[in-house]
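Written below as structure tokens is the structure these notes are about.
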Amino acid sequence: MGAPLSKLLDLPAPDAAKWLLGCELHRTINNRKVKVRIVETEAYDQNDPGSHTFRGVTPRNQIMFGPAGYLYVYFIYGMHFCANVVTGPEGYGEAALIRAVEPIEGFELMEKQRPGHFGKTISNGPSKLCSALAITSELNAHDLSIDPLKLVMKPQVSENEIVTTTRIGLKKGTETLWRFYLKDNRFVSKL
């Protein structure tokens with residue numbers, strides 16, 4: 001794709017969230033590679049009551065106001081991590097949550113990261129994929145153009161391959177149609 005991630009992802013969060021579908025994450029864990037395909041995303045921005053940036057900049061969310069192409073990792077329920085790709089222009093708080101991924105390479109290593117889970121349950125949810133890819137707060141603010149976690153952009157998938165719906169697990173902004181997933185993909189979190 002040639003251009004730096006900061007340029008490619010300098011888009012409104014919903015547009016970037018759609019483009020991320022079909023793109024890949026390449027993760028190095030203990031000198032071994034894991035490759036996954038992004039199959040589900042959700043968009044969030046500072047005008048959205050469901051977003052971490054709705055009330056402005058805080059120490060927790062400041063990365064979402066930075067340049068596009070960085071990782072925003074947060075901790076929920078006192079036990080799970082979730083990963084977002086920062087999108088849009090610097091100074092505007094927005095990102096795309098990675099909700100689900102499909103393994104391409106290194107499935108056995110993902111299984112080691114998530115003992116007792118097999119098949120689609122390995123990575124069909126935001127905290128599941130973080131566990132399977134060993135994504136923790138140590139990767140917060142990570143530049144996704146470099147190891148140990150790289151975002152590899154791919155050509156945009158056709159609109160007719162994308163399902164658009166409301167986001168999951170929110171108390172505010174529930175009516176916003178900013179959840180996107182690849183039609184008929186078995187790794188999608190919830191249909």
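Convention: chains lettered A, B, ... in structure tokens order; per-chain residue numbering from 1; ligands numbered from 1 as shown.
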
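Among the residues of region 124-175 of chain A, backbone DSSP assigns strand (DSSP E or B) to Asp143, Leu149, Lys150, Leu151, Val152, Ile162, Val163, Thr164 and Thr165 of chain A.
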
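Residues lying within 8 Å of Ala95 (chain A), counting only C-alpha atoms and ignoring same-chain neighbours fewer than 6 positions away, are Ala13, Ala43, Tyr44, Asp45, Met64, Tyr72, Asn84, Val85, Val86, Thr87 and Gly88 of chain A.
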
Write out as an NGL selection string which residues come within 8 Å of Phe65 (chain A) when counting only C-alpha atoms, dropping same-chain ones fewer than 2 positions away.
-> :A and (57 or 61-63 or 67 or 86 or 90-94)

Produce a file of the selected residues containing N, CA and C atoms, as a compact mmCIF listing (two decimals), in the first residue's frame.
# COMPACT_ATOMS: atom_id res chain seq x y z
N VAL A 57 -9.91 14.76 26.46
CA VAL A 57 -8.64 14.06 26.66
C VAL A 57 -8.45 13.70 28.13
N ASN A 61 -7.16 7.96 27.52
CA ASN A 61 -7.54 7.98 26.10
C ASN A 61 -6.67 8.87 25.22
N GLN A 62 -5.64 9.50 25.76
CA GLN A 62 -4.89 10.49 25.00
C GLN A 62 -4.32 9.96 23.69
N ILE A 63 -4.02 8.68 23.62
CA ILE A 63 -3.50 8.11 22.38
C ILE A 63 -4.52 8.22 21.25
N PRO A 67 -1.71 10.74 16.32
CA PRO A 67 -1.76 10.42 14.89
C PRO A 67 -2.34 9.03 14.64
N VAL A 86 -5.98 3.64 16.08
CA VAL A 86 -6.27 5.08 16.06
C VAL A 86 -6.42 5.52 14.60
N GLU A 90 -4.74 14.00 13.65
CA GLU A 90 -4.20 14.25 14.99
C GLU A 90 -5.00 15.37 15.64
N GLY A 91 -5.33 15.18 16.91
CA GLY A 91 -6.10 16.18 17.64
C GLY A 91 -7.59 15.87 17.72
N TYR A 92 -8.06 14.92 16.94
CA TYR A 92 -9.47 14.52 16.96
C TYR A 92 -9.52 13.09 17.49
N GLY A 93 -10.26 12.86 18.57
CA GLY A 93 -10.25 11.56 19.24
C GLY A 93 -11.13 10.52 18.58
N GLU A 94 -10.51 9.59 17.87
CA GLU A 94 -11.28 8.52 17.24
C GLU A 94 -10.42 7.29 17.01

What are the closest atom pairs, with distances in Å to one decimal, for all residues of region 3-54 of chain A lying within 8 Å of region 162-183 of chain A? Consider only C-alpha atoms, order rows by chain and residue number, and present the result as JSON lines.
{"residue": "A:Pro14", "atom": "CA", "partner": "A:Trp178", "partner_atom": "CA", "distance": 6.1}
{"residue": "A:Ala17", "atom": "CA", "partner": "A:Phe180", "partner_atom": "CA", "distance": 7.2}
{"residue": "A:Lys18", "atom": "CA", "partner": "A:Phe180", "partner_atom": "CA", "distance": 6.3}
{"residue": "A:Leu21", "atom": "CA", "partner": "A:Leu182", "partner_atom": "CA", "distance": 6.9}
{"residue": "A:Val39", "atom": "CA", "partner": "A:Leu182", "partner_atom": "CA", "distance": 5.4}
{"residue": "A:Glu40", "atom": "CA", "partner": "A:Tyr181", "partner_atom": "CA", "distance": 4.2}
{"residue": "A:Thr41", "atom": "CA", "partner": "A:Phe180", "partner_atom": "CA", "distance": 5.4}
{"residue": "A:Glu42", "atom": "CA", "partner": "A:Arg179", "partner_atom": "CA", "distance": 4.3}
{"residue": "A:Ala43", "atom": "CA", "partner": "A:Trp178", "partner_atom": "CA", "distance": 5.3}
{"residue": "A:Tyr44", "atom": "CA", "partner": "A:Trp178", "partner_atom": "CA", "distance": 7.7}
{"residue": "A:Asp48", "atom": "CA", "partner": "A:Gly173", "partner_atom": "CA", "distance": 6.4}
{"residue": "A:Pro49", "atom": "CA", "partner": "A:Gly173", "partner_atom": "CA", "distance": 5.4}
{"residue": "A:Gly50", "atom": "CA", "partner": "A:Gly173", "partner_atom": "CA", "distance": 4.9}

Would you save the residues of that selection, restricted to C-alpha atoms, as a PDB file, in the first residue's frame?
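Saved as result26.pdb:
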ATOM      1  CA  PRO A  14     -16.371   4.590  10.333  1.00  0.00           C
ATOM      2  CA  ALA A  17     -13.189   0.704  10.424  1.00  0.00           C
ATOM      3  CA  LYS A  18     -14.613  -0.586   7.129  1.00  0.00           C
ATOM      4  CA  LEU A  21     -11.850  -5.400   7.319  1.00  0.00           C
ATOM      5  CA  VAL A  39     -13.104  -9.601  10.209  1.00  0.00           C
ATOM      6  CA  GLU A  40     -15.037  -7.301  12.568  1.00  0.00           C
ATOM      7  CA  THR A  41     -14.612  -3.712  13.758  1.00  0.00           C
ATOM      8  CA  GLU A  42     -16.482  -0.906  15.504  1.00  0.00           C
ATOM      9  CA  ALA A  43     -15.950   2.833  15.057  1.00  0.00           C
ATOM     10  CA  TYR A  44     -15.826   5.437  17.827  1.00  0.00           C
ATOM     11  CA  ASP A  48     -20.122   9.721  20.144  1.00  0.00           C
ATOM     12  CA  PRO A  49     -21.448   9.150  23.699  1.00  0.00           C
ATOM     13  CA  GLY A  50     -20.234   5.532  23.463  1.00  0.00           C
TER      14      GLY A  50
END

Give me the residues within 9 Å of region 75-77 of chain A as a PyMOL selection string, counting only C-alpha atoms and dropping any in the same chain fewer than 4 places off.
-> chain A and resi 81-82+127+136-137

Name the residues in contact with Pro103 (chain A) at a cut-off of 7 Å, using only C-alpha atoms, excluding same-chain residues fewer than 4 positions from it; report them as a PyMOL selection string.
-> chain A and resi 35-37+107

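Running DSSP on the backbone and keeping only alpha helix (DSSP H), the residues of region 19-177 of chain A that qualify are Trp19, Leu20, Phe107, Glu108, Leu109, Met110, Glu111, Lys112, Gln113, Pro126, Ser127, Lys128, Leu129, Cys130, Ser131 and Ala132 of chain A.
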
Separating CA of Arg186 (chain A) from CA of Ile122 (chain A), to the nearest tenth of an Å, is a gap of 11.6 Å

Separating CA of His80 (chain A) from CA of Ala132 (chain A), to the nearest tenth of an Å, is a gap of 11.7 Å

Just give me the gap between CA of Ile98 (chain A) and CA of Val152 (chain A) in Å, one decimal is fine.
-> 13.8 Å
